[in-house]
2 protein chains.
Amino acid sequence: MFSILNMRLVEPDDATTRARIRDAAILLFGRDGFRETTVRAIAQEVGVSAALVIHHFGTKDGLRLACDEFIMGEVTAQAAGIGNGGQGTTAAIQSWLGEMDKRRPWLAYISRLLTDGSSTSSTKDDSSNNSSSDTSVGDRLFDDFVSYTERMFADGVADGSVHESVDPHMRAVILTSYGLSVLIFERQIGRAIGEAGLTSAAAARMTIPALEIFTHGVYTNDAMLRAAKDAIATKGSTP
Amino acid sequence: MFSILNMRLVEPDDATTRARIRDAAILLFGRDGFRETTVRAIAQEVGVSAALVIHHFGTKDGLRLACDEFIMGEVTAQAAGIGNGGQGTTAAIQSWLGEMDKRRPWLAYISRLLTDGSSTSSTKDDSSNNSSSDTSVGDRLFDDFVSYTERMFADGVADGSVHESVDPHMRAVILTSYGLSVLIFERQIGRAIGEAGLTSAAAARMTIPALEIFTHGVYTNDAMLRAAKDAIATKGSTP
DNA sequence: CAGGATGCTAAACACTTGTTCAGCCCTCCG
DNA sequence: CGGAGGGCTGAACAAGTGTTTAGCATCCTG
């Protein structure tokens, strides 16, 4: 019907009103949370009416779904750019850090995505149950990060740059959790060192201590590790 | 009608209606979030009217404040029990893990406390601005954890069980963030290993890989660390 | 026992918020 | 040119929610 013209007149690529609404939604959902963000606030941010937001996305939840989809696409695209290894990796990371400001709203949104999951397994009136099986978008994102991390460190073990682990999968889960924590606690970490959030200065100051931990550990001996191993071993008899 | 008996049968000390409302609020706030929890839902959970909830706490936000205060008190009490070091520490941790189920709602609430902070520096109509200065409860909690961690590891450095760091404060912030991440990602971690949240089995399986990291690190050499140090050093001339 | 204080409730109120409806404007096809 | 269709809006609607109010019952105090 209308696709031919629109296709030709479509703005540089991203400035269509629908996209602007989605971007504003990502910004506000990420900053204030889904529930506390009103459709009218999003509309005002874009400079349109609240009805138009609904007109484009059906419902507020539909808008959330569109945001989720967009963010997931961007994340996997970035991961693909970084993850193919080789020389491209460093460049990809640098360009990513360079355009940090543009993507800052996405980080807040991702943070919300990862933490918002409610433990509701009850049957809710989710008419459009089109998401894959029962795991939420945040769950899928976390799992993706885990498998990505696990692959990275398996390669590291293979080429000798990374220690082996008695439980590589669990280590990957833990390291993923650690890595994402700086996203979740962005504001807290920034506050703790007198910066406003994850500025480049904050990231720089974090780098060395973090690498210290991952290079030498924090404990000078394996007393804790041995004690834990003993405790686990002896616990097998007394469940 | 039936109150006479109830009055006489009133439970030991903690079962006052006000406390039961507060406990239910902690449970629901932690499970579903503050905004998505309605006053009526809390009332129904306790078996009282919605008006009574308001009667006891003034407003919903007053109830939140009471919950915050209670949780902060419990946390600092636990920290005091653990933190005085010596032999009591292990016992305290063990008893804490033993009564995990009773305090599980608190963990969810604390998780929300740490992640809910919104970056609203605008002037809101906060009539009862009685909180200390401008930092939120979650901020204060995080800071407490940081200083606790920093003290712990300073002691470790002093007695030689912990490596020195070029930036002890930052290391404490990072380690606090890492430690709290298992709280935030409780559900995700549980899911990743087929458990339902932070069960004791999950905690047990996490222990060894985590201690591996903190004992030996993950990298077999300091290539990354040296590279980062060089990068930081040379970056000083090109800001 | 009178009377106030207290714990508590049902109903109503005020307001927010997601969503719908009817219609305007503008572009483009026949 | 006419009409059709899509982008878009203002106003209204319906449901949900925090809070208020008036009132009931019970208990404690003088």
# chains A, B, ... in the order shown; residues from 1 in each chain; ligands from 1
$ residues_around --residues "segment 216-219 of chain B" --least-positions-apart "3" --cutoff "9 Å" --atoms "only C-alpha atoms (C1' of nucleotides)" --output "list in words"
Phe153, Gly156, Gly160, Ser161, Val162, His163, Glu164, Ser165, Leu211, Glu212, Ile213, Phe214, Thr215, His216, Gly217, Val218, Tyr219, Thr220, Asn221 and Asp222 of chain A; Leu211, Glu212, Ile213, Asp222, Ala223 and Met224 of chain B
$ interface_residues --of "chain A" --to "chain C" --cutoff "8 Å" --atoms "only C-alpha atoms (C1' of nucleotides)" --output "PyMOL selection string"
chain A and resi 38-39+54+59-60
$ residues_around --residues "DC8 of chain D" --least-positions-apart "2" --cutoff "12 Å" --atoms "only C-alpha atoms (C1' of nucleotides)" --output "PyMOL selection string"
(chain A and resi 17+47-56) or (chain C and resi 23-26) or (chain D and resi 6+10)
$ closest_atom_pairs --of "chain D" --to "chain B" --cutoff "12 Å" --atoms "only C-alpha atoms (C1' of nucleotides)" --output "JSON lines"
{"residue": "D:DG16", "atom": "C1'", "partner": "B:Thr38", "partner_atom": "CA", "distance": 9.6}
{"residue": "D:DT17", "atom": "C1'", "partner": "B:Thr38", "partner_atom": "CA", "distance": 7.2}
{"residue": "D:DG18", "atom": "C1'", "partner": "B:Lys60", "partner_atom": "CA", "distance": 7.5}
{"residue": "D:DT19", "atom": "C1'", "partner": "B:Ile54", "partner_atom": "CA", "distance": 7.8}
{"residue": "D:DT20", "atom": "C1'", "partner": "B:Ala51", "partner_atom": "CA", "distance": 9.2}
{"residue": "D:DT21", "atom": "C1'", "partner": "B:Ala51", "partner_atom": "CA", "distance": 10.8}
{"residue": "D:DC24", "atom": "C1'", "partner": "B:Met1", "partner_atom": "CA", "distance": 11.7}
{"residue": "D:DA25", "atom": "C1'", "partner": "B:Met1", "partner_atom": "CA", "distance": 8.3}
{"residue": "D:DT26", "atom": "C1'", "partner": "B:Ser3", "partner_atom": "CA", "distance": 8.1}
{"residue": "D:DC27", "atom": "C1'", "partner": "B:Ile4", "partner_atom": "CA", "distance": 9.8}
$ residues_around --residues "Asp144 of chain A" --least-positions-apart "3" --cutoff "12 Å" --atoms "only C-alpha atoms (C1' of nucleotides)" --output "list in words"
Met72, Val75, Thr76, Ala79, Ala80, Leu114, Val137, Gly138, Asp139, Arg140, Leu141, Ser147, Tyr148, Thr149, Glu150, Arg151, Ala172, Val173 and Thr176 of chain A; Gln188 and Ala192 of chain B
$ closest_residue --among "B:Ala233, B:Ala202, B:Met170, B:Ile71" --to "chain A" --atoms "only C-alpha atoms"
B:Met170
$ atom_distance --atom1 "atom CA of Phe57 of chain A" --atom2 "atom CA of Phe34 of chain B"
26.4 Å
